[in-house]
>>> print(open('data.csv').read())   # CSV, C-alpha atoms
chain,number,residue,atom,x,y,z
A,1,MET,CA,175.7,73.4,62.1
A,2,THR,CA,172.4,74.7,63.6
A,3,SER,CA,169.9,72.0,64.5
A,4,LEU,CA,166.9,72.9,62.3
A,5,LYS,CA,163.3,72.3,63.4
A,6,ARG,CA,161.6,72.3,60.1
A,7,LEU,CA,158.0,72.7,59.2
A,8,SER,CA,157.0,69.2,58.2
A,9,GLN,CA,156.1,68.6,54.6
A,10,GLU,CA,152.9,67.1,55.7
A,11,ARG,CA,151.9,70.3,57.5
A,12,GLN,CA,153.0,72.4,54.6
A,13,ARG,CA,150.9,70.4,52.2
A,14,SER,CA,148.0,70.8,54.6
A,15,LEU,CA,148.5,74.5,54.8
A,16,GLU,CA,148.7,74.7,51.0
A,17,GLN,CA,145.6,72.6,50.6
A,18,ARG,CA,143.6,74.8,53.0
A,19,LEU,CA,144.7,77.9,51.2
A,20,LYS,CA,143.6,76.3,47.9
A,21,ALA,CA,140.3,75.4,49.5
A,22,GLY,CA,139.8,79.1,50.5
A,23,ASP,CA,140.4,78.6,54.3
A,24,GLU,CA,140.9,82.1,55.6
A,25,ARG,CA,142.5,81.0,58.8
A,26,ALA,CA,145.2,79.3,56.8
A,27,LEU,CA,146.1,82.7,55.3
A,28,GLY,CA,146.4,84.0,58.9
A,29,GLU,CA,148.7,81.2,59.8
A,30,LEU,CA,150.8,81.8,56.6
A,31,PHE,CA,151.1,85.5,57.6
A,32,ASP,CA,152.5,84.6,61.0
A,33,VAL,CA,155.2,82.4,59.4
A,34,ALA,CA,156.0,84.3,56.3
A,35,ALA,CA,155.3,88.0,56.9
A,36,PRO,CA,158.5,88.8,58.8
A,37,TRP,CA,160.6,87.5,55.9
A,38,ILE,CA,158.5,89.2,53.2
A,39,LEU,CA,158.6,92.4,55.1
A,40,GLY,CA,162.4,92.0,55.6
A,41,LEU,CA,163.0,91.3,52.0
A,42,ALA,CA,160.8,94.2,50.8
A,43,PHE,CA,162.5,96.6,53.2
A,44,ARG,CA,165.9,95.4,52.2
A,45,ILE,CA,165.1,96.2,48.6
A,46,LEU,CA,163.0,99.4,49.1
A,47,GLN,CA,164.5,100.9,52.3
A,48,ASP,CA,161.1,102.3,53.1
A,49,ALA,CA,158.9,100.8,55.8
A,50,ASP,CA,155.6,102.1,54.3
A,51,GLU,CA,156.4,100.8,50.8
A,52,ALA,CA,157.6,97.5,52.3
A,53,GLU,CA,154.2,97.1,54.1
A,54,GLU,CA,152.4,97.8,50.8
A,55,VAL,CA,154.4,95.0,49.2
A,56,VAL,CA,153.4,92.6,52.0
A,57,GLY,CA,149.8,93.4,51.2
A,58,ASP,CA,150.4,92.9,47.5
A,59,VAL,CA,152.1,89.6,48.1
A,60,PHE,CA,149.3,88.2,50.3
A,61,VAL,CA,146.6,89.3,47.8
A,62,GLN,CA,148.5,87.5,45.0
A,63,VAL,CA,149.1,84.4,47.1
A,64,TRP,CA,145.5,84.2,48.1
A,65,ARG,CA,144.2,84.7,44.6
A,66,HIS,CA,146.7,82.6,42.8
A,67,ILE,CA,147.6,79.9,45.2
A,68,ASP,CA,146.3,77.4,42.6
A,69,GLN,CA,149.2,78.4,40.3
A,70,HIS,CA,151.7,77.0,42.8
A,71,ASP,CA,152.7,73.5,41.9
A,72,GLY,CA,153.8,71.8,45.2
A,73,GLY,CA,155.6,69.2,43.2
A,74,ARG,CA,158.0,71.7,41.7
A,75,GLY,CA,159.1,73.3,44.9
A,76,PRO,CA,158.2,74.4,48.4
A,77,LEU,CA,155.8,77.3,49.1
A,78,MET,CA,158.2,79.8,50.7
A,79,PRO,CA,160.6,80.3,47.8
A,80,TRP,CA,157.6,80.9,45.5
A,81,ILE,CA,156.3,83.5,48.0
A,82,LEU,CA,159.7,85.1,48.3
A,83,SER,CA,160.0,85.3,44.5
A,84,ILE,CA,156.6,87.2,44.4
A,85,ALA,CA,157.9,89.5,47.1
A,86,ARG,CA,161.1,90.2,45.3
A,87,ASN,CA,159.3,90.9,42.0
A,88,ARG,CA,156.8,93.2,43.7
A,89,SER,CA,159.6,95.0,45.5
A,90,LEU,CA,161.7,95.5,42.4
A,91,ASP,CA,158.6,96.7,40.5
A,92,ALA,CA,158.1,99.3,43.2
A,93,LEU,CA,161.8,100.2,43.1
A,94,ARG,CA,161.7,100.8,39.4
A,95,ARG,CA,158.6,103.0,39.7
A,96,ARG,CA,160.3,104.9,42.4
A,97,ARG,CA,163.5,105.4,40.4
A,98,ARG,CA,161.6,107.5,38.0
A,99,TRP,CA,161.0,109.9,40.8
A,100,TRP,CA,164.5,111.3,41.1
A,101,ARG,CA,164.2,112.9,44.5
A,102,LYS,CA,163.2,109.6,46.1
A,103,SER,CA,166.0,107.9,44.1
A,104,ALA,CA,168.6,110.1,45.7
A,105,HIS,CA,167.2,109.2,49.1
A,106,VAL,CA,167.5,105.5,48.3
A,107,GLU,CA,171.0,105.8,47.1
A,108,GLN,CA,172.0,107.5,50.3
A,109,ALA,CA,170.4,104.8,52.3
A,110,ARG,CA,172.2,102.2,50.2
A,111,ALA,CA,175.5,103.9,50.6
A,112,ALA,CA,175.0,103.8,54.4
A,113,GLU,CA,174.5,100.1,54.2
A,114,ALA,CA,177.3,97.6,53.6
A,115,THR,CA,177.3,95.9,50.2
A,116,ASP,CA,177.2,92.6,52.0
A,117,ILE,CA,174.1,91.4,53.8
A,118,ALA,CA,174.7,91.2,57.5
A,119,PRO,CA,172.8,88.6,59.5
A,120,ALA,CA,169.9,89.8,61.5
A,121,ALA,CA,170.4,91.0,65.0
A,122,PRO,CA,170.1,88.3,67.7
A,123,HIS,CA,166.8,89.6,68.9
A,124,GLU,CA,165.2,88.5,65.6
A,125,ALA,CA,166.2,84.9,66.3
A,126,ALA,CA,162.7,84.2,67.7
A,127,VAL,CA,161.2,84.7,64.2
A,128,PRO,CA,160.1,81.5,62.5
A,129,GLY,CA,162.6,80.6,59.9
A,130,TRP,CA,165.6,82.0,61.7
A,131,PRO,CA,167.8,78.9,61.3
A,132,LEU,CA,167.1,78.9,57.6
A,133,HIS,CA,168.1,82.5,57.5
A,134,ARG,CA,171.4,81.5,59.0
A,135,GLU,CA,171.8,78.7,56.5
A,136,VAL,CA,171.3,80.9,53.5
A,137,HIS,CA,173.8,83.4,54.9
A,138,ALA,CA,176.3,80.6,55.4
A,139,ALA,CA,175.8,79.6,51.7
A,140,LEU,CA,176.3,83.2,50.6
A,141,ALA,CA,179.3,83.6,52.9
A,142,ALA,CA,180.9,80.6,51.2
A,143,LEU,CA,181.0,82.5,47.9
A,144,SER,CA,184.0,84.7,47.0
A,145,GLU,CA,183.7,88.4,47.6
A,146,GLU,CA,183.3,89.1,43.9
A,147,GLN,CA,180.6,86.5,43.5
A,148,ARG,CA,178.8,87.7,46.5
A,149,ARG,CA,178.7,91.3,45.2
A,150,VAL,CA,177.2,90.3,41.8
A,151,VAL,CA,174.6,88.1,43.5
A,152,VAL,CA,173.5,90.9,45.8
A,153,LEU,CA,173.3,93.5,43.0
A,154,SER,CA,171.4,91.1,40.9
A,155,TYR,CA,169.0,89.8,43.5
A,156,PHE,CA,168.3,92.8,45.7
A,157,GLU,CA,168.6,95.6,43.2
A,158,GLY,CA,167.3,93.7,40.2
A,159,LEU,CA,170.2,94.9,38.0
A,160,SER,CA,170.8,93.3,34.6
A,161,HIS,CA,174.1,91.8,33.8
A,162,ARG,CA,175.1,94.8,31.8
A,163,GLU,CA,174.1,97.2,34.6
A,164,ILE,CA,176.2,95.2,37.1
A,165,ALA,CA,179.1,95.3,34.8
A,166,ARG,CA,178.8,99.1,34.5
A,167,ARG,CA,178.4,99.5,38.3
A,168,LEU,CA,181.5,97.3,39.1
A,169,HIS,CA,183.6,98.4,36.1
A,170,GLN,CA,184.0,94.8,35.1
A,171,PRO,CA,183.6,93.2,31.7
A,172,LEU,CA,180.2,91.8,30.9
A,173,GLY,CA,181.6,88.3,30.4
A,174,THR,CA,183.2,88.3,33.8
A,175,VAL,CA,179.9,89.3,35.5
A,176,LYS,CA,178.1,86.5,33.7
A,177,THR,CA,180.7,83.9,34.7
A,178,ARG,CA,180.7,85.1,38.3
A,179,LEU,CA,176.9,84.9,38.5
A,180,ARG,CA,176.8,81.5,37.0
A,181,MET,CA,179.4,80.1,39.3
A,182,ALA,CA,177.7,81.7,42.3
A,183,HIS,CA,174.4,80.2,41.4
A,184,GLN,CA,175.9,76.8,41.0
A,185,LYS,CA,177.5,77.0,44.5
A,186,LEU,CA,174.3,78.4,46.0
A,187,ALA,CA,172.3,75.6,44.5
A,188,GLU,CA,174.6,73.0,45.9
A,189,GLY,CA,174.6,74.7,49.3
A,190,LEU,CA,170.9,75.1,49.5
A,191,ARG,CA,169.8,71.9,47.8
A,192,HIS,CA,168.9,70.2,51.1
A,193,LEU,CA,166.4,72.9,52.0
A,194,LYS,CA,162.9,71.5,51.4
A,195,ASP,CA,160.7,73.5,53.7
A,196,TRP,CA,160.9,76.6,55.7
A,197,VAL,CA,161.5,76.4,59.4
A,198,GLU,CA,159.3,76.7,62.4
B,1,MET,CA,167.2,77.2,44.9
B,2,THR,CA,168.3,80.8,44.5
B,3,ASP,CA,164.8,81.8,45.4
B,4,TRP,CA,165.8,81.0,49.0
B,5,LEU,CA,168.0,84.1,48.7
B,6,GLY,CA,165.0,86.1,49.9
B,7,MET,CA,165.8,84.7,53.3
B,8,LEU,CA,169.1,86.6,53.3
B,9,ALA,CA,167.3,89.8,54.3
B,10,ALA,CA,166.9,90.3,58.0
B,11,PRO,CA,163.3,89.5,59.1
B,12,ARG,CA,161.3,92.4,60.4
B,13,THR,CA,158.5,91.9,62.9
B,14,PRO,CA,155.3,93.4,61.3
B,15,ARG,CA,153.5,96.1,63.2
B,16,PRO,CA,150.5,94.5,65.1
B,17,GLU,CA,147.9,96.2,62.9
B,18,LEU,CA,149.5,95.1,59.7
B,19,LYS,CA,148.1,91.5,59.8
B,20,GLY,CA,144.5,92.7,60.1
B,21,ARG,CA,145.0,95.2,57.3
B,22,VAL,CA,146.7,92.7,54.9
B,23,LEU,CA,144.2,89.9,55.5
B,24,ALA,CA,141.2,92.2,55.1
B,25,ARG,CA,142.6,93.5,51.8
B,26,ALA,CA,143.4,90.0,50.5
B,27,LEU,CA,140.1,88.5,51.5
B,28,ALA,CA,138.1,91.5,50.3
B,29,ARG,CA,139.6,91.1,46.8
B,30,ARG,CA,138.8,87.4,46.9
B,31,ARG,CA,135.2,88.1,47.7
B,32,ARG,CA,134.7,90.8,45.1
B,33,TRP,CA,134.3,88.5,42.2
B,34,PRO,CA,131.6,86.3,43.7
B,35,LEU,CA,129.7,89.5,44.8
B,36,ALA,CA,130.0,91.0,41.3
B,37,ALA,CA,128.9,87.7,39.8
B,38,ALA,CA,126.0,87.5,42.2
B,39,ALA,CA,125.0,91.0,41.4
B,40,VAL,CA,125.1,90.4,37.6
B,41,ILE,CA,123.1,87.2,38.0
B,42,THR,CA,120.6,89.0,40.2
B,43,LEU,CA,120.2,91.7,37.6
B,44,ILE,CA,119.8,89.2,34.8
B,45,LEU,CA,117.3,87.2,36.7
B,46,GLY,CA,115.4,90.4,37.8
B,47,GLY,CA,115.4,91.7,34.2
B,48,GLY,CA,114.2,88.4,32.9
B,49,ALA,CA,111.5,88.1,35.5
B,50,TRP,CA,110.3,91.7,34.7
B,51,TRP,CA,110.4,91.0,30.9
B,52,ALA,CA,108.5,87.7,31.4
B,53,TYR,CA,105.9,89.5,33.7
B,54,ARG,CA,105.4,92.2,31.1
B,55,THR,CA,105.2,89.8,28.2
B,56,ILE,CA,102.8,87.4,30.0
B,57,GLY,CA,100.6,90.4,30.9
B,58,ALA,CA,100.5,91.6,27.3
B,59,LEU,CA,99.8,88.2,25.9
B,60,THR,CA,97.1,87.6,28.5
B,61,VAL,CA,95.3,90.8,27.4
B,62,GLU,CA,95.7,89.8,23.7
B,63,ARG,CA,94.4,86.3,24.4
B,64,ASP,CA,91.4,87.7,26.3
B,65,GLY,CA,90.7,90.0,23.4
B,66,LEU,CA,91.0,87.2,20.8
B,67,ALA,CA,88.8,84.9,23.0
B,68,GLY,CA,86.1,87.6,23.1
B,69,ARG,CA,86.2,88.0,19.3
B,70,VAL,CA,86.1,84.2,18.8
B,71,GLN,CA,83.1,84.0,21.1
B,72,ALA,CA,81.4,86.8,19.2
B,73,LEU,CA,82.1,85.1,15.9
B,74,GLU,CA,80.8,81.8,17.3
B,75,ASP,CA,77.6,83.6,18.4
B,76,THR,CA,77.2,85.1,14.9
B,77,VAL,CA,77.8,81.8,13.1
B,78,SER,CA,75.5,80.0,15.5
B,79,THR,CA,72.8,82.7,14.9
B,80,PHE,CA,73.3,82.2,11.2
B,81,ILE,CA,73.1,78.5,11.2
B,82,HIS,CA,70.5,77.9,13.9
B,83,GLY,CA,68.3,81.0,13.5
B,84,THR,CA,64.7,80.4,12.7
B,85,ALA,CA,64.8,82.9,9.8
B,86,THR,CA,67.8,81.2,8.2
B,87,ARG,CA,67.4,79.1,5.1
B,88,LEU,CA,69.9,76.5,4.1
B,89,ILE,CA,70.5,76.1,0.4
B,90,GLN,CA,73.0,73.5,-0.9
B,91,ILE,CA,73.9,73.7,-4.5
B,92,PRO,CA,76.0,70.9,-6.2
B,93,VAL,CA,78.4,72.3,-8.7
B,94,SER,CA,80.9,70.9,-11.3
B,95,THR,CA,84.1,72.8,-12.0
B,96,GLY,CA,87.0,71.6,-14.0
B,97,GLY,CA,85.6,68.1,-14.0
B,98,ARG,CA,85.3,68.1,-10.2
B,99,VAL,CA,82.1,67.8,-8.2
B,100,GLY,CA,81.7,70.3,-5.3
B,101,SER,CA,79.1,72.3,-3.6
B,102,VAL,CA,78.1,75.8,-2.6
B,103,THR,CA,76.2,76.1,0.7
B,104,ILE,CA,74.3,79.3,1.5
B,105,PHE,CA,72.9,80.2,4.9
B,106,ALA,CA,70.5,83.0,4.0
B,107,ASP,CA,69.3,85.1,7.0
B,108,SER,CA,66.3,87.0,5.8
B,109,VAL,CA,66.0,89.0,9.1
B,110,ARG,CA,69.5,90.4,9.2
B,111,HIS,CA,69.8,90.4,5.4
B,112,ARG,CA,73.0,88.5,5.5
B,113,TRP,CA,74.4,85.4,3.7
B,114,LEU,CA,77.0,83.0,4.9
B,115,VAL,CA,78.4,81.2,1.9
B,116,ARG,CA,80.7,78.2,2.0
B,117,CYS,CA,82.3,76.7,-1.1
B,118,ASP,CA,83.7,73.2,-1.1
B,119,GLY,CA,85.4,71.2,-3.9
B,120,LEU,CA,85.7,74.0,-6.4
B,121,ALA,CA,88.5,73.7,-8.9
B,122,PRO,CA,91.2,76.4,-8.5
B,123,ASN,CA,90.9,79.2,-11.0
B,124,ALA,CA,93.3,79.9,-13.9
B,125,ARG,CA,95.7,82.7,-13.1
B,126,ASP,CA,93.6,85.4,-14.8
B,127,GLN,CA,90.2,84.2,-13.6
B,128,ALA,CA,88.1,84.2,-10.5
B,129,TYR,CA,84.7,82.9,-9.3
B,130,GLN,CA,82.1,85.7,-9.0
B,131,LEU,CA,78.9,85.2,-7.0
B,132,TRP,CA,75.8,87.1,-8.0
B,133,PHE,CA,72.5,88.0,-6.4
B,134,ILE,CA,69.6,87.4,-8.7
B,135,THR,CA,67.1,90.2,-8.1
B,136,ASP,CA,63.9,91.2,-9.7
B,137,ARG,CA,65.9,94.0,-11.4
B,138,GLY,CA,68.6,91.8,-12.7
B,139,MET,CA,72.0,90.4,-11.5
B,140,THR,CA,74.1,92.4,-9.0
B,141,THR,CA,77.5,91.3,-7.9
B,142,ALA,CA,77.8,89.8,-4.4
B,143,ALA,CA,81.5,88.9,-4.3
B,144,VAL,CA,84.6,88.1,-6.4
B,145,MET,CA,86.4,85.0,-5.1
B,146,PRO,CA,89.8,84.3,-6.7
B,147,MET,CA,90.6,80.7,-5.7
B,148,ASP,CA,94.2,79.8,-6.1
B,149,ALA,CA,94.3,76.8,-3.8
B,150,ASP,CA,92.2,73.7,-3.4
B,151,ARG,CA,90.5,74.4,-0.1
B,152,PRO,CA,87.1,75.4,1.2
B,153,MET,CA,86.2,79.1,1.3
B,154,VAL,CA,83.8,80.8,3.7
B,155,MET,CA,82.5,84.4,3.5
B,156,ALA,CA,79.7,86.5,4.9
B,157,LEU,CA,77.8,88.8,2.6
B,158,GLU,CA,75.5,91.7,3.0
B,159,MET,CA,72.3,91.4,0.9
B,160,PRO,CA,71.5,94.4,-1.3
B,161,PRO,CA,69.0,96.8,0.2
B,162,PRO,CA,65.4,96.3,-0.9
B,163,ALA,CA,65.6,99.5,-2.9
B,164,ASP,CA,68.1,97.8,-5.2
B,165,GLY,CA,65.7,94.9,-5.8
B,166,GLN,CA,64.2,91.8,-4.2
B,167,VAL,CA,66.8,89.0,-4.0
B,168,MET,CA,65.3,86.0,-5.7
B,169,GLY,CA,68.3,83.7,-6.1
B,170,ALA,CA,72.0,83.3,-6.5
B,171,ALA,CA,74.4,82.5,-9.3
B,172,MET,CA,78.1,82.0,-9.8
B,173,SER,CA,80.2,82.4,-12.9
B,174,ILE,CA,83.8,82.4,-13.9
B,175,GLU,CA,84.9,85.9,-14.7
B,176,PRO,CA,88.2,87.9,-15.3
B,177,ARG,CA,90.3,88.2,-12.1
B,178,ALA,CA,89.1,91.7,-11.3
B,179,GLY,CA,85.4,90.8,-11.7
B,180,SER,CA,82.7,91.9,-14.1
B,181,ALA,CA,79.8,94.3,-13.8
B,182,SER,CA,77.5,91.5,-15.2
B,183,PRO,CA,78.0,87.8,-15.9
B,184,SER,CA,80.0,87.2,-19.0
B,185,GLY,CA,81.8,83.9,-18.5
B,186,PRO,CA,80.8,80.3,-18.0
B,187,MET,CA,78.0,79.9,-15.5
B,188,VAL,CA,78.9,77.5,-12.5
B,189,PHE,CA,75.3,77.5,-11.2
B,190,HIS,CA,72.1,79.6,-11.4
B,191,ARG,CA,69.6,78.9,-8.7
B,192,LEU,CA,66.3,80.6,-7.7
B,193,LEU,CA,65.6,80.4,-4.0
>>> encode(input="data.csv", output="structure tokens")
Amino acid sequence: MTSLKRLSQERQRSLEQRLKAGDERALGELFDVAAPWILGLAFRILQDADEAEEVVGDVFVQVWRHIDQHDGGRGPLMPWILSIARNRSLDALRRRRRWWRKSAHVEQARAAEATDIAPAAPHEAAVPGWPLHREVHAALAALSEEQRRVVVLSYFEGLSHREIARRLHQPLGTVKTRLRMAHQKLAEGLRHLKDWVE
Amino acid sequence: MTDWLGMLAAPRTPRPELKGRVLARALARRRRWPLAAAAVITLILGGGAWWAYRTIGALTVERDGLAGRVQALEDTVSTFIHGTATRLIQIPVSTGGRVGSVTIFADSVRHRWLVRCDGLAPNARDQAYQLWFITDRGMTTAAVMPMDADRPMVMALEMPPPADGQVMGAAMSIEPRAGSASPSGPMVFHRLL
């Protein structure tokens, strides 16, 4: 297993407190750590560099304005930020789906990409959080093929259970069961993660 | 814990200019509210100051006008009371079982009277006190004074012109509310000066 060099909880609390106090330099530090992952997630969902950068801007605006809404006692900062990034990306994706020409372009891009998520190329290993990226991939890889597919469709495409069932030609109950089992396994596999990684 | 799934996507190194753009956008939005609030407060304070300035100015003008009028009245009253041509006549009266007085400052130069009534009983609803000039041609009305409250009354009166008769005295009677052309009710006092 990779030896992780984690961002200490103390430093994370300090960063969060500085953000809540309106320290603008703290926002810059947060960008350095989190932006590559937010951009990567947004690009994975949207397949468009310009739109992904817009999402990054939206996310940092929301984090800066609503940092008080994050309860440090309920979880680390990074998953909260990633959930904002995912929601913003899916919002943009839904808006774009209304524009049928763009939609066709996205479907082509999706088709070109494997259903499974491949780990990043080695040259990205210098990015902060890289070991955590590997751990999350390992947790996903531990799932069965069927479970992995429903997780990816649910998380990255924002599809409902019914839409996943239609896409995979599977009964709705089967999809729900697979998703539930997958989330249980992921929760066990990722339970030890407390902070993101330097 | 599934929120960590966001880390599945491969990281992408942001273009160098993205950081500046994103931070500028985030910080600009944060600052907009205080600026808007400051602008609103400034407008309110400015409007309030302008309103106060206008109001104080208007009130100052009004106060100066009133002060001038009060000064003129004081001069008039002072002339009445302390003038060498002014006679002071105090007449005790009894109305409704009460003892009061009618004080007349008669200025023979300006042909004006200042009359003060103290301690007169309030009138019945359909009655009023009526003051009369006694002249060498008879009685002429000076003033009708309905008195509904128990408080002193002061009034300034112009004496009738000499052509209408020489004023020789004063009288007061109780008359109908609208007044009478000649005394018809109970006489309160009748006094030759």
>>> atom_distance(input="data.csv", atom1="CA of Leu168 in chain A", atom2="CA of Ala182 in chain A")
16.4 Å
>>> closest_atom_pairs(input="data.csv", of="chain B", to="chain A", cutoff="12 Å", atoms="all atoms listed in the file", output="JSON lines")
{"residue": "B:Met1", "atom": "CA", "partner": "A:Ala187", "partner_atom": "CA", "distance": 5.4}
{"residue": "B:Thr2", "atom": "CA", "partner": "A:Ala187", "partner_atom": "CA", "distance": 6.6}
{"residue": "B:Asp3", "atom": "CA", "partner": "A:Pro79", "partner_atom": "CA", "distance": 5.1}
{"residue": "B:Trp4", "atom": "CA", "partner": "A:Pro79", "partner_atom": "CA", "distance": 5.4}
{"residue": "B:Leu5", "atom": "CA", "partner": "A:Val136", "partner_atom": "CA", "distance": 6.6}
{"residue": "B:Gly6", "atom": "CA", "partner": "A:Leu82", "partner_atom": "CA", "distance": 5.6}
{"residue": "B:Met7", "atom": "CA", "partner": "A:His133", "partner_atom": "CA", "distance": 5.3}
{"residue": "B:Leu8", "atom": "CA", "partner": "A:His137", "partner_atom": "CA", "distance": 5.9}
{"residue": "B:Ala9", "atom": "CA", "partner": "A:Leu41", "partner_atom": "CA", "distance": 5.1}
{"residue": "B:Ala10", "atom": "CA", "partner": "A:Ala120", "partner_atom": "CA", "distance": 4.6}
{"residue": "B:Pro11", "atom": "CA", "partner": "A:Gly40", "partner_atom": "CA", "distance": 4.4}
{"residue": "B:Arg12", "atom": "CA", "partner": "A:Pro36", "partner_atom": "CA", "distance": 4.8}
{"residue": "B:Thr13", "atom": "CA", "partner": "A:Pro36", "partner_atom": "CA", "distance": 5.1}
{"residue": "B:Pro14", "atom": "CA", "partner": "A:Pro36", "partner_atom": "CA", "distance": 6.1}
{"residue": "B:Arg15", "atom": "CA", "partner": "A:Glu53", "partner_atom": "CA", "distance": 9.2}
{"residue": "B:Pro16", "atom": "CA", "partner": "A:Asp32", "partner_atom": "CA", "distance": 10.9}
{"residue": "B:Glu17", "atom": "CA", "partner": "A:Glu53", "partner_atom": "CA", "distance": 10.9}
{"residue": "B:Leu18", "atom": "CA", "partner": "A:Glu53", "partner_atom": "CA", "distance": 7.6}
{"residue": "B:Lys19", "atom": "CA", "partner": "A:Phe31", "partner_atom": "CA", "distance": 7.1}
{"residue": "B:Gly20", "atom": "CA", "partner": "A:Gly28", "partner_atom": "CA", "distance": 9.0}
{"residue": "B:Arg21", "atom": "CA", "partner": "A:Gly57", "partner_atom": "CA", "distance": 8.0}
{"residue": "B:Val22", "atom": "CA", "partner": "A:Gly57", "partner_atom": "CA", "distance": 4.9}
{"residue": "B:Leu23", "atom": "CA", "partner": "A:Gly28", "partner_atom": "CA", "distance": 7.2}
{"residue": "B:Ala24", "atom": "CA", "partner": "A:Gly57", "partner_atom": "CA", "distance": 9.5}
{"residue": "B:Arg25", "atom": "CA", "partner": "A:Val61", "partner_atom": "CA", "distance": 7.0}
{"residue": "B:Ala26", "atom": "CA", "partner": "A:Val61", "partner_atom": "CA", "distance": 4.2}
{"residue": "B:Leu27", "atom": "CA", "partner": "A:Val61", "partner_atom": "CA", "distance": 7.5}
{"residue": "B:Ala28", "atom": "CA", "partner": "A:Val61", "partner_atom": "CA", "distance": 9.1}
{"residue": "B:Arg29", "atom": "CA", "partner": "A:Val61", "partner_atom": "CA", "distance": 7.3}
{"residue": "B:Arg30", "atom": "CA", "partner": "A:Arg65", "partner_atom": "CA", "distance": 6.5}
{"residue": "B:Arg31", "atom": "CA", "partner": "A:Arg65", "partner_atom": "CA", "distance": 10.1}
{"residue": "B:Arg32", "atom": "CA", "partner": "A:Arg65", "partner_atom": "CA", "distance": 11.3}
{"residue": "B:Trp33", "atom": "CA", "partner": "A:Arg65", "partner_atom": "CA", "distance": 10.9}
>>> closest_residue(input="data.csv", among="B:Ser78, B:Thr60, B:Ala170, B:Gly100", to="Leu193 in chain B", atoms="all atoms listed in the file")
B:Ala170
>>> closest_residue(input="data.csv", among="B:Gln71, B:Ser173, B:His190, B:Ile41", to="Ile134 in chain B", atoms="only C-alpha atoms")
B:His190
>>> residues_near_point(input="data.csv", point="(85.2, 78.3, 1.0)", cutoff="9 Å", atoms="all atoms listed in the file", output="PyMOL selection string")
chain B and resi 102+115-120+147+151-155
>>> write_last_selection(input="data.csv", atoms="C-alpha atoms", output="PDB file, in the coordinates of the input")
ATOM      1  CA  VAL B 102      78.100  75.800  -2.600  1.00  0.00           C
ATOM      2  CA  VAL B 115      78.400  81.200   1.900  1.00  0.00           C
ATOM      3  CA  ARG B 116      80.700  78.200   2.000  1.00  0.00           C
ATOM      4  CA  CYS B 117      82.300  76.700  -1.100  1.00  0.00           C
ATOM      5  CA  ASP B 118      83.700  73.200  -1.100  1.00  0.00           C
ATOM      6  CA  GLY B 119      85.400  71.200  -3.900  1.00  0.00           C
ATOM      7  CA  LEU B 120      85.700  74.000  -6.400  1.00  0.00           C
ATOM      8  CA  MET B 147      90.600  80.700  -5.700  1.00  0.00           C
ATOM      9  CA  ARG B 151      90.500  74.400  -0.100  1.00  0.00           C
ATOM     10  CA  PRO B 152      87.100  75.400   1.200  1.00  0.00           C
ATOM     11  CA  MET B 153      86.200  79.100   1.300  1.00  0.00           C
ATOM     12  CA  VAL B 154      83.800  80.800   3.700  1.00  0.00           C
ATOM     13  CA  MET B 155      82.500  84.400   3.500  1.00  0.00           C
TER      14      MET B 155
END
>>> closest_residue(input="data.csv", among="B:Pro162, B:Pro122, B:Gly179, B:Gly46", to="Arg137 in chain B", atoms="all atoms listed in the file")
B:Pro162
>>> atom_distance(input="data.csv", atom1="CA of Ala142 in chain B", atom2="CA of Trp113 in chain B")
9.8 Å
